[in-house]
Amino acid sequence: MFEIISATSIGLGLFLLGMRFLTEGLDRFTSSRFRYMLINLKIHPLLGVLIGCIITGILQSSSGMTVILVGLVQSNLLTLYQATPIIMGANIGTTVTSQLIAFNMGKYSFIPFILGILINLTSKNKKICYIGEVLIGFSLIFIGIDLLTEGLSPLKDILAFQKILEEFGKMPILGALIGFSAISILQSSSTGVAILQTLASNGSISMYSAVSIMLGMNVGTCITSIISSLSLNRAAKQTAFVHLFFNIMGVVLIFPFINLLCAISVSLSPLNPSRQIANAHTIFNVFSTLILLPFTGIIVGAVQWIIKK
């Protein structure tokens, strides 16, 4: 058990460190002037979804993107109506990490790591150094995933762990609550989904259990934006609540169709459990956006009515 905990802790630590290097490097490389110019375009809802998807795909954090939007609405640079489609797109953009992890590129992870180190040691140009940080972060993510896989592998043979996951399969609402609680602490749905992909690759968790937990994670990731808005004005609080409201509605809509979501995800990648989790993550967020985007006005109106003061 000690070996499982130590290997898992090191793997998770390297994964989180890699995410930090990756996101901070990309954030510094992408100038704030460019992001503000992009966000302040005259935004059609579809364009808003695309902007949210692209920027979150770069930043790799839907929570971070939503926090940025909370700040922009607080500063009157965006309206709540403009921010809502961007939040929807952010949920799609955050699925990029899980799709990349499913490529199983761990054996090549030393290449970007060495390149990143060399760039940081030899370059005096800040922008180039930021690219080095991105490469280091990218490699650490996959090194961490490999260690996670190795550390969590013995869990599939532990009877108590199997019983717990079996209960999640029987009671998907319990799995969703576990997912929500875990991401409320971890503050990163990408990290949570990566752990699920690792467990699925080891055969430690069924697709049905993993998807129910993943749905809860999608709601738990909203906690960051909620916390960031507590000391801000009403419009900022409404923006954070839109993120929460949208994710809860998505889960409510997809919950009766978990079996169908699992079947589609498996059929797309029948031999790759990690990709199956990534597929479910992407399909869920795309589905939620397509269904709820036409009701942007209603969502905004409902949130404004709920948070009046």
# chains A, B, ... in the order shown; residues from 1 in each chain; ligands from 1
>>> residues_around(residues="A:Ser269", least_positions_apart="3", cutoff="12 Å", atoms="only C-alpha atoms", output="number ranges by chain")
A: 99, 102-103, 262-266, 272-280
>>> write_last_selection(atoms="N, CA, C and O atoms", output="mmCIF file, in the first residue's frame")
data_model
loop_
_atom_site.group_PDB
_atom_site.id
_atom_site.type_symbol
_atom_site.label_atom_id
_atom_site.label_comp_id
_atom_site.auth_asym_id
_atom_site.auth_seq_id
_atom_site.Cartn_x
_atom_site.Cartn_y
_atom_site.Cartn_z
ATOM 1 N N GLN A 99 -7.780 14.279 -24.292
ATOM 2 C CA GLN A 99 -7.543 13.701 -25.620
ATOM 3 C C GLN A 99 -6.045 13.504 -25.866
ATOM 4 O O GLN A 99 -5.627 12.508 -26.445
ATOM 5 N N ALA A 102 -4.684 10.471 -23.974
ATOM 6 C CA ALA A 102 -5.075 9.196 -24.568
ATOM 7 C C ALA A 102 -4.126 8.732 -25.675
ATOM 8 O O ALA A 102 -4.160 7.562 -26.073
ATOM 9 N N PHE A 103 -3.262 9.628 -26.161
ATOM 10 C CA PHE A 103 -2.295 9.230 -27.182
ATOM 11 C C PHE A 103 -1.161 8.380 -26.601
ATOM 12 O O PHE A 103 -0.377 7.802 -27.342
ATOM 13 N N CYS A 262 -21.783 6.084 -22.738
ATOM 14 C CA CYS A 262 -20.720 5.071 -22.594
ATOM 15 C C CYS A 262 -20.587 4.237 -23.864
ATOM 16 O O CYS A 262 -19.474 3.980 -24.340
ATOM 17 N N ALA A 263 -21.736 3.826 -24.419
ATOM 18 C CA ALA A 263 -21.718 2.971 -25.613
ATOM 19 C C ALA A 263 -21.082 3.690 -26.801
ATOM 20 O O ALA A 263 -20.268 3.108 -27.527
ATOM 21 N N ILE A 264 -21.427 4.956 -26.998
ATOM 22 C CA ILE A 264 -20.868 5.726 -28.112
ATOM 23 C C ILE A 264 -19.368 5.909 -27.924
ATOM 24 O O ILE A 264 -18.577 5.752 -28.859
ATOM 25 N N SER A 265 -18.967 6.255 -26.688
ATOM 26 C CA SER A 265 -17.550 6.498 -26.396
ATOM 27 C C SER A 265 -16.711 5.246 -26.616
ATOM 28 O O SER A 265 -15.609 5.319 -27.160
ATOM 29 N N VAL A 266 -17.249 4.097 -26.202
ATOM 30 C CA VAL A 266 -16.533 2.824 -26.383
ATOM 31 C C VAL A 266 -16.458 2.451 -27.859
ATOM 32 O O VAL A 266 -15.425 1.996 -28.348
ATOM 33 N N ASN A 272 -9.115 1.209 -26.619
ATOM 34 C CA ASN A 272 -8.348 2.203 -25.852
ATOM 35 C C ASN A 272 -9.211 2.786 -24.732
ATOM 36 O O ASN A 272 -9.936 3.763 -24.953
ATOM 37 N N PRO A 273 -9.169 2.195 -23.517
ATOM 38 C CA PRO A 273 -10.005 2.685 -22.409
ATOM 39 C C PRO A 273 -9.757 4.154 -22.070
ATOM 40 O O PRO A 273 -10.684 4.885 -21.725
ATOM 41 N N SER A 274 -8.485 4.589 -22.163
ATOM 42 C CA SER A 274 -8.166 5.986 -21.868
ATOM 43 C C SER A 274 -8.859 6.923 -22.856
ATOM 44 O O SER A 274 -9.410 7.954 -22.474
ATOM 45 N N ARG A 275 -8.835 6.535 -24.140
ATOM 46 C CA ARG A 275 -9.506 7.337 -25.163
ATOM 47 C C ARG A 275 -11.019 7.318 -24.963
ATOM 48 O O ARG A 275 -11.702 8.308 -25.239
ATOM 49 N N GLN A 276 -11.553 6.221 -24.461
ATOM 50 C CA GLN A 276 -12.996 6.133 -24.221
ATOM 51 C C GLN A 276 -13.439 7.181 -23.196
ATOM 52 O O GLN A 276 -14.474 7.832 -23.367
ATOM 53 N N ILE A 277 -12.642 7.342 -22.120
ATOM 54 C CA ILE A 277 -12.939 8.368 -21.116
ATOM 55 C C ILE A 277 -12.845 9.755 -21.748
ATOM 56 O O ILE A 277 -13.697 10.615 -21.523
ATOM 57 N N ALA A 278 -11.792 9.967 -22.552
ATOM 58 C CA ALA A 278 -11.618 11.257 -23.225
ATOM 59 C C ALA A 278 -12.792 11.540 -24.155
ATOM 60 O O ALA A 278 -13.289 12.679 -24.231
ATOM 61 N N ASN A 279 -13.247 10.498 -24.870
ATOM 62 C CA ASN A 279 -14.390 10.667 -25.776
ATOM 63 C C ASN A 279 -15.637 11.082 -25.006
ATOM 64 O O ASN A 279 -16.374 11.988 -25.425
ATOM 65 N N ALA A 280 -15.875 10.408 -23.877
ATOM 66 C CA ALA A 280 -17.057 10.731 -23.065
ATOM 67 C C ALA A 280 -16.987 12.165 -22.555
ATOM 68 O O ALA A 280 -17.990 12.895 -22.553
#
>>> residues_around(residues="A:Gly52", least_positions_apart="6", cutoff="8 Å", atoms="only C-alpha atoms", output="number ranges by chain")
A: 65, 85-91, 93
>>> atom_distance(atom1="atom CA of A:Met249", atom2="atom CA of A:Pro270")
28.9 Å
>>> closest_residue(among="A:Thr289, A:Asn125, A:Thr66, A:Asn120", to="A:Ile226", atoms="only C-alpha atoms")
A:Thr66
>>> closest_residue(among="A:Ile136, A:Leu147, A:Val73, A:Leu14", to="A:Leu118", atoms="only C-alpha atoms")
A:Ile136
>>> residues_around(residues="stretch 229-240 of chain A", least_positions_apart="6", cutoff="12 Å", atoms="only C-alpha atoms", output="short mmCIF file (atom, residue, chain, number, x, y, z; two decimals) with all heavy atoms, in the first residue's frame")
data_model
loop_
_atom_site.label_atom_id
_atom_site.label_comp_id
_atom_site.auth_asym_id
_atom_site.auth_seq_id
_atom_site.Cartn_x
_atom_site.Cartn_y
_atom_site.Cartn_z
N SER A 62 -10.56 25.47 -17.73
CA SER A 62 -11.86 26.13 -17.87
C SER A 62 -12.14 27.01 -16.66
O SER A 62 -12.75 28.07 -16.78
CB SER A 62 -12.99 25.09 -18.03
OG SER A 62 -13.05 24.23 -16.90
N SER A 63 -11.65 26.58 -15.48
CA SER A 63 -11.80 27.40 -14.28
C SER A 63 -11.04 28.71 -14.44
O SER A 63 -11.56 29.79 -14.13
CB SER A 63 -11.26 26.65 -13.05
OG SER A 63 -11.95 25.45 -12.86
N GLY A 64 -9.80 28.62 -14.94
CA GLY A 64 -9.00 29.82 -15.16
C GLY A 64 -9.64 30.76 -16.16
O GLY A 64 -9.67 31.97 -15.97
N MET A 65 -10.20 30.17 -17.23
CA MET A 65 -10.88 30.98 -18.24
C MET A 65 -12.09 31.67 -17.65
O MET A 65 -12.35 32.86 -17.91
CB MET A 65 -11.30 30.08 -19.41
CG MET A 65 -11.96 30.83 -20.56
SD MET A 65 -10.80 31.96 -21.35
CE MET A 65 -11.92 33.03 -22.23
N THR A 66 -12.84 30.95 -16.83
CA THR A 66 -14.04 31.54 -16.23
C THR A 66 -13.67 32.64 -15.24
O THR A 66 -14.36 33.66 -15.15
CB THR A 66 -14.88 30.45 -15.52
OG1 THR A 66 -15.14 29.39 -16.44
CG2 THR A 66 -16.20 31.02 -15.04
N VAL A 67 -12.59 32.44 -14.50
CA VAL A 67 -12.11 33.49 -13.58
C VAL A 67 -11.75 34.75 -14.36
O VAL A 67 -12.05 35.87 -13.94
CB VAL A 67 -10.91 32.98 -12.75
CG1 VAL A 67 -10.25 34.13 -12.00
CG2 VAL A 67 -11.37 31.90 -11.77
N ILE A 68 -11.09 34.57 -15.53
CA ILE A 68 -10.78 35.72 -16.39
C ILE A 68 -12.06 36.44 -16.81
O ILE A 68 -12.16 37.67 -16.77
CB ILE A 68 -9.99 35.27 -17.63
CG1 ILE A 68 -8.58 34.81 -17.24
CG2 ILE A 68 -9.89 36.40 -18.67
CD1 ILE A 68 -7.81 34.16 -18.38
N LEU A 69 -13.07 35.66 -17.20
CA LEU A 69 -14.35 36.24 -17.63
C LEU A 69 -15.04 36.96 -16.48
O LEU A 69 -15.66 38.02 -16.68
CB LEU A 69 -15.26 35.13 -18.18
CG LEU A 69 -14.81 34.52 -19.51
CD1 LEU A 69 -15.68 33.32 -19.87
CD2 LEU A 69 -14.86 35.55 -20.63
N VAL A 70 -14.96 36.38 -15.29
CA VAL A 70 -15.52 37.05 -14.11
C VAL A 70 -14.89 38.42 -13.94
O VAL A 70 -15.59 39.42 -13.70
CB VAL A 70 -15.30 36.19 -12.84
CG1 VAL A 70 -15.59 36.99 -11.57
CG2 VAL A 70 -16.20 34.95 -12.87
N GLY A 71 -13.57 38.49 -14.11
CA GLY A 71 -12.87 39.77 -13.99
C GLY A 71 -13.26 40.74 -15.10
O GLY A 71 -13.41 41.95 -14.85
N LEU A 72 -13.45 40.24 -16.31
CA LEU A 72 -13.82 41.10 -17.43
C LEU A 72 -15.23 41.67 -17.26
O LEU A 72 -15.49 42.83 -17.58
CB LEU A 72 -13.73 40.33 -18.75
CG LEU A 72 -12.31 39.95 -19.21
CD1 LEU A 72 -12.37 39.02 -20.43
CD2 LEU A 72 -11.49 41.18 -19.54
N VAL A 73 -16.14 40.85 -16.76
CA VAL A 73 -17.50 41.33 -16.51
C VAL A 73 -17.50 42.32 -15.36
O VAL A 73 -18.19 43.34 -15.39
CB VAL A 73 -18.46 40.14 -16.21
CG1 VAL A 73 -19.83 40.65 -15.79
CG2 VAL A 73 -18.58 39.25 -17.44
N GLN A 74 -16.70 42.02 -14.31
CA GLN A 74 -16.55 42.95 -13.19
C GLN A 74 -16.07 44.31 -13.67
O GLN A 74 -16.50 45.35 -13.19
CB GLN A 74 -15.55 42.35 -12.19
CG GLN A 74 -14.90 43.32 -11.23
CD GLN A 74 -15.75 43.58 -10.00
OE1 GLN A 74 -16.78 42.94 -9.80
NE2 GLN A 74 -15.34 44.53 -9.18
N SER A 75 -15.18 44.31 -14.69
CA SER A 75 -14.60 45.56 -15.20
C SER A 75 -15.44 46.19 -16.31
O SER A 75 -15.00 47.15 -16.95
CB SER A 75 -13.18 45.27 -15.73
OG SER A 75 -12.39 44.67 -14.75
N ASN A 76 -16.61 45.62 -16.58
CA ASN A 76 -17.51 46.12 -17.63
C ASN A 76 -16.91 46.04 -19.03
O ASN A 76 -17.29 46.80 -19.93
CB ASN A 76 -17.94 47.57 -17.35
CG ASN A 76 -18.79 47.69 -16.10
OD1 ASN A 76 -19.67 46.86 -15.87
ND2 ASN A 76 -18.52 48.70 -15.29
N LEU A 77 -15.95 45.11 -19.22
CA LEU A 77 -15.39 44.90 -20.55
C LEU A 77 -16.21 43.89 -21.34
O LEU A 77 -16.12 43.84 -22.57
CB LEU A 77 -13.94 44.41 -20.43
CG LEU A 77 -12.95 45.40 -19.83
CD1 LEU A 77 -11.60 44.73 -19.58
CD2 LEU A 77 -12.78 46.60 -20.75
N LEU A 78 -17.00 43.10 -20.64
CA LEU A 78 -17.91 42.14 -21.26
C LEU A 78 -19.25 42.18 -20.54
O LEU A 78 -19.31 42.47 -19.34
CB LEU A 78 -17.36 40.71 -21.15
CG LEU A 78 -16.32 40.20 -22.16
CD1 LEU A 78 -15.99 38.76 -21.83
CD2 LEU A 78 -16.82 40.31 -23.58
N THR A 79 -20.31 41.89 -21.28
CA THR A 79 -21.62 41.74 -20.64
C THR A 79 -21.80 40.26 -20.26
O THR A 79 -21.09 39.38 -20.78
CB THR A 79 -22.76 42.14 -21.59
OG1 THR A 79 -22.79 41.23 -22.71
CG2 THR A 79 -22.56 43.57 -22.09
N LEU A 80 -22.73 39.99 -19.39
CA LEU A 80 -23.01 38.62 -18.99
C LEU A 80 -23.46 37.79 -20.19
O LEU A 80 -23.09 36.62 -20.33
CB LEU A 80 -24.09 38.60 -17.90
CG LEU A 80 -24.47 37.23 -17.33
CD1 LEU A 80 -23.26 36.55 -16.71
CD2 LEU A 80 -25.59 37.37 -16.29
N TYR A 81 -24.22 38.40 -21.08
CA TYR A 81 -24.71 37.69 -22.28
C TYR A 81 -23.54 37.30 -23.18
O TYR A 81 -23.53 36.23 -23.77
CB TYR A 81 -25.69 38.57 -23.04
CG TYR A 81 -26.36 37.86 -24.20
CD1 TYR A 81 -27.50 37.07 -24.00
CD2 TYR A 81 -25.85 37.95 -25.49
CE1 TYR A 81 -28.10 36.40 -25.05
CE2 TYR A 81 -26.45 37.30 -26.55
CZ TYR A 81 -27.57 36.52 -26.32
OH TYR A 81 -28.16 35.85 -27.37
N GLN A 82 -22.52 38.19 -23.30
CA GLN A 82 -21.34 37.87 -24.12
C GLN A 82 -20.51 36.77 -23.47
O GLN A 82 -19.93 35.92 -24.16
CB GLN A 82 -20.48 39.12 -24.30
CG GLN A 82 -21.07 40.17 -25.22
CD GLN A 82 -20.23 41.44 -25.24
OE1 GLN A 82 -19.81 41.92 -24.17
NE2 GLN A 82 -19.96 41.97 -26.42
N ALA A 83 -20.42 36.81 -22.15
CA ALA A 83 -19.55 35.86 -21.43
C ALA A 83 -20.10 34.44 -21.43
O ALA A 83 -19.33 33.48 -21.42
CB ALA A 83 -19.35 36.33 -19.99
N THR A 84 -21.42 34.29 -21.46
CA THR A 84 -22.05 32.97 -21.32
C THR A 84 -21.63 31.98 -22.42
O THR A 84 -21.21 30.85 -22.10
CB THR A 84 -23.58 33.10 -21.26
OG1 THR A 84 -23.93 33.87 -20.11
CG2 THR A 84 -24.24 31.73 -21.15
N PRO A 85 -21.69 32.33 -23.72
CA PRO A 85 -21.22 31.37 -24.74
C PRO A 85 -19.73 31.05 -24.61
O PRO A 85 -19.31 29.94 -24.93
CB PRO A 85 -21.51 32.10 -26.07
CG PRO A 85 -22.54 33.12 -25.75
CD PRO A 85 -22.24 33.55 -24.35
N ILE A 86 -18.94 32.02 -24.16
CA ILE A 86 -17.50 31.77 -23.98
C ILE A 86 -17.29 30.72 -22.89
O ILE A 86 -16.42 29.85 -23.00
CB ILE A 86 -16.75 33.08 -23.65
CG1 ILE A 86 -16.93 34.09 -24.78
CG2 ILE A 86 -15.26 32.80 -23.44
CD1 ILE A 86 -16.31 35.44 -24.50
N ILE A 87 -18.09 30.80 -21.83
CA ILE A 87 -18.03 29.79 -20.75
C ILE A 87 -18.37 28.41 -21.31
O ILE A 87 -17.72 27.41 -20.98
CB ILE A 87 -18.99 30.17 -19.61
CG1 ILE A 87 -18.47 31.41 -18.87
CG2 ILE A 87 -19.16 29.00 -18.64
CD1 ILE A 87 -19.43 31.98 -17.86
N MET A 88 -19.38 28.36 -22.17
CA MET A 88 -19.76 27.08 -22.78
C MET A 88 -18.61 26.52 -23.62
O MET A 88 -18.30 25.33 -23.57
CB MET A 88 -21.01 27.26 -23.65
CG MET A 88 -22.25 27.65 -22.89
SD MET A 88 -23.68 27.86 -23.99
CE MET A 88 -24.96 28.33 -22.82
N THR A 221 -15.60 21.61 -10.82
CA THR A 221 -14.63 22.58 -11.34
C THR A 221 -15.14 24.02 -11.29
O THR A 221 -14.37 24.96 -11.44
CB THR A 221 -14.25 22.22 -12.81
OG1 THR A 221 -13.08 22.94 -13.19
CG2 THR A 221 -15.38 22.56 -13.77
N CYS A 222 -16.44 24.19 -11.04
CA CYS A 222 -17.03 25.54 -10.97
C CYS A 222 -16.69 26.25 -9.66
O CYS A 222 -16.88 27.47 -9.56
CB CYS A 222 -18.55 25.47 -11.10
SG CYS A 222 -19.14 24.70 -12.61
N ILE A 223 -16.22 25.51 -8.66
CA ILE A 223 -15.98 26.09 -7.35
C ILE A 223 -14.97 27.23 -7.41
O ILE A 223 -15.11 28.25 -6.72
CB ILE A 223 -15.51 25.00 -6.36
CG1 ILE A 223 -16.60 23.94 -6.16
CG2 ILE A 223 -15.13 25.61 -5.02
CD1 ILE A 223 -17.90 24.47 -5.61
N PHE A 246 -24.79 26.21 -15.87
CA PHE A 246 -24.62 25.52 -17.16
C PHE A 246 -24.14 24.09 -16.96
O PHE A 246 -24.65 23.15 -17.58
CB PHE A 246 -23.63 26.30 -18.03
CG PHE A 246 -23.18 25.58 -19.26
CD1 PHE A 246 -24.08 25.33 -20.30
CD2 PHE A 246 -21.88 25.12 -19.39
CE1 PHE A 246 -23.67 24.65 -21.45
CE2 PHE A 246 -21.46 24.45 -20.53
CZ PHE A 246 -22.37 24.21 -21.56
N ASN A 247 -23.15 23.91 -16.08
CA ASN A 247 -22.62 22.57 -15.86
C ASN A 247 -23.63 21.65 -15.18
O ASN A 247 -23.70 20.46 -15.50
CB ASN A 247 -21.32 22.65 -15.04
CG ASN A 247 -20.13 23.06 -15.89
OD1 ASN A 247 -20.29 23.56 -17.00
ND2 ASN A 247 -18.95 22.86 -15.38
N ILE A 299 -30.97 31.43 -19.94
CA ILE A 299 -30.01 31.14 -18.87
C ILE A 299 -29.56 32.42 -18.19
O ILE A 299 -29.55 32.53 -16.95
CB ILE A 299 -28.79 30.37 -19.42
CG1 ILE A 299 -29.21 28.97 -19.86
CG2 ILE A 299 -27.68 30.28 -18.37
CD1 ILE A 299 -28.13 28.20 -20.61
N VAL A 300 -29.22 33.42 -19.00
CA VAL A 300 -28.79 34.72 -18.45
C VAL A 300 -29.90 35.35 -17.64
O VAL A 300 -29.68 35.83 -16.52
CB VAL A 300 -28.34 35.67 -19.59
CG1 VAL A 300 -28.13 37.09 -19.06
CG2 VAL A 300 -27.06 35.16 -20.23
N GLY A 301 -31.12 35.33 -18.17
CA GLY A 301 -32.25 35.90 -17.45
C GLY A 301 -32.52 35.20 -16.13
O GLY A 301 -32.79 35.85 -15.10
N ALA A 302 -32.42 33.86 -16.14
CA ALA A 302 -32.66 33.09 -14.92
C ALA A 302 -31.61 33.40 -13.86
O ALA A 302 -31.95 33.60 -12.68
CB ALA A 302 -32.65 31.60 -15.24
N VAL A 303 -30.35 33.48 -14.27
CA VAL A 303 -29.27 33.77 -13.33
C VAL A 303 -29.41 35.20 -12.78
O VAL A 303 -29.21 35.42 -11.58
CB VAL A 303 -27.89 33.59 -14.00
CG1 VAL A 303 -26.77 34.13 -13.13
CG2 VAL A 303 -27.64 32.11 -14.30
N GLN A 304 -29.76 36.15 -13.63
CA GLN A 304 -29.96 37.52 -13.16
C GLN A 304 -31.13 37.63 -12.18
O GLN A 304 -31.09 38.42 -11.25
CB GLN A 304 -30.19 38.46 -14.36
CG GLN A 304 -28.93 38.69 -15.18
CD GLN A 304 -29.18 39.51 -16.44
OE1 GLN A 304 -30.28 39.47 -17.00
NE2 GLN A 304 -28.17 40.23 -16.89
N TRP A 305 -32.14 36.80 -12.39
CA TRP A 305 -33.28 36.80 -11.48
C TRP A 305 -32.91 36.17 -10.14
O TRP A 305 -33.31 36.65 -9.08
CB TRP A 305 -34.44 36.01 -12.11
CG TRP A 305 -35.67 35.96 -11.24
CD1 TRP A 305 -36.60 36.94 -11.08
CD2 TRP A 305 -36.07 34.87 -10.40
NE1 TRP A 305 -37.58 36.52 -10.18
CE2 TRP A 305 -37.27 35.26 -9.75
CE3 TRP A 305 -35.55 33.61 -10.14
CZ2 TRP A 305 -37.95 34.43 -8.88
CZ3 TRP A 305 -36.23 32.77 -9.26
CH2 TRP A 305 -37.42 33.19 -8.63
N ILE A 306 -32.11 35.08 -10.19
CA ILE A 306 -31.69 34.39 -8.97
C ILE A 306 -30.77 35.28 -8.14
O ILE A 306 -30.93 35.38 -6.90
CB ILE A 306 -31.00 33.05 -9.30
CG1 ILE A 306 -32.01 32.08 -9.92
CG2 ILE A 306 -30.36 32.44 -8.05
CD1 ILE A 306 -31.38 30.83 -10.52
N ILE A 307 -29.80 35.92 -8.79
CA ILE A 307 -28.83 36.76 -8.08
C ILE A 307 -29.15 38.22 -8.36
O ILE A 307 -28.60 38.84 -9.26
CB ILE A 307 -27.38 36.43 -8.51
CG1 ILE A 307 -27.11 34.94 -8.29
CG2 ILE A 307 -26.38 37.27 -7.73
CD1 ILE A 307 -25.72 34.51 -8.71
N LYS A 308 -30.06 38.75 -7.58
CA LYS A 308 -30.50 40.14 -7.76
C LYS A 308 -29.67 41.11 -6.94
O LYS A 308 -29.53 42.28 -7.26
CB LYS A 308 -31.98 40.28 -7.39
CG LYS A 308 -32.91 39.56 -8.33
CD LYS A 308 -34.36 39.72 -7.90
CE LYS A 308 -35.30 39.01 -8.86
NZ LYS A 308 -36.73 39.13 -8.45
N LYS A 309 -29.13 40.61 -5.84
CA LYS A 309 -28.39 41.48 -4.93
C LYS A 309 -27.01 40.89 -4.69
O LYS A 309 -26.88 39.68 -4.63
CB LYS A 309 -29.13 41.65 -3.61
CG LYS A 309 -30.45 42.36 -3.75
CD LYS A 309 -31.09 42.53 -2.40
CE LYS A 309 -32.44 43.24 -2.50
NZ LYS A 309 -33.09 43.44 -1.18
#
>>> atom_distance(atom1="atom CA of A:Thr56", atom2="atom CA of A:Ile173")
28.1 Å
>>> atom_distance(atom1="atom CA of A:Phe110", atom2="atom CA of A:Leu17")
15.5 Å
>>> closest_residue(among="A:Tyr130, A:Ile213, A:Leu271, A:Ser225", to="A:Ser181", atoms="only C-alpha atoms")
A:Ile213
>>> residues_around(residues="A:Pro112", least_positions_apart="2", cutoff="7 Å", atoms="only C-alpha atoms", output="count of residues only")
8
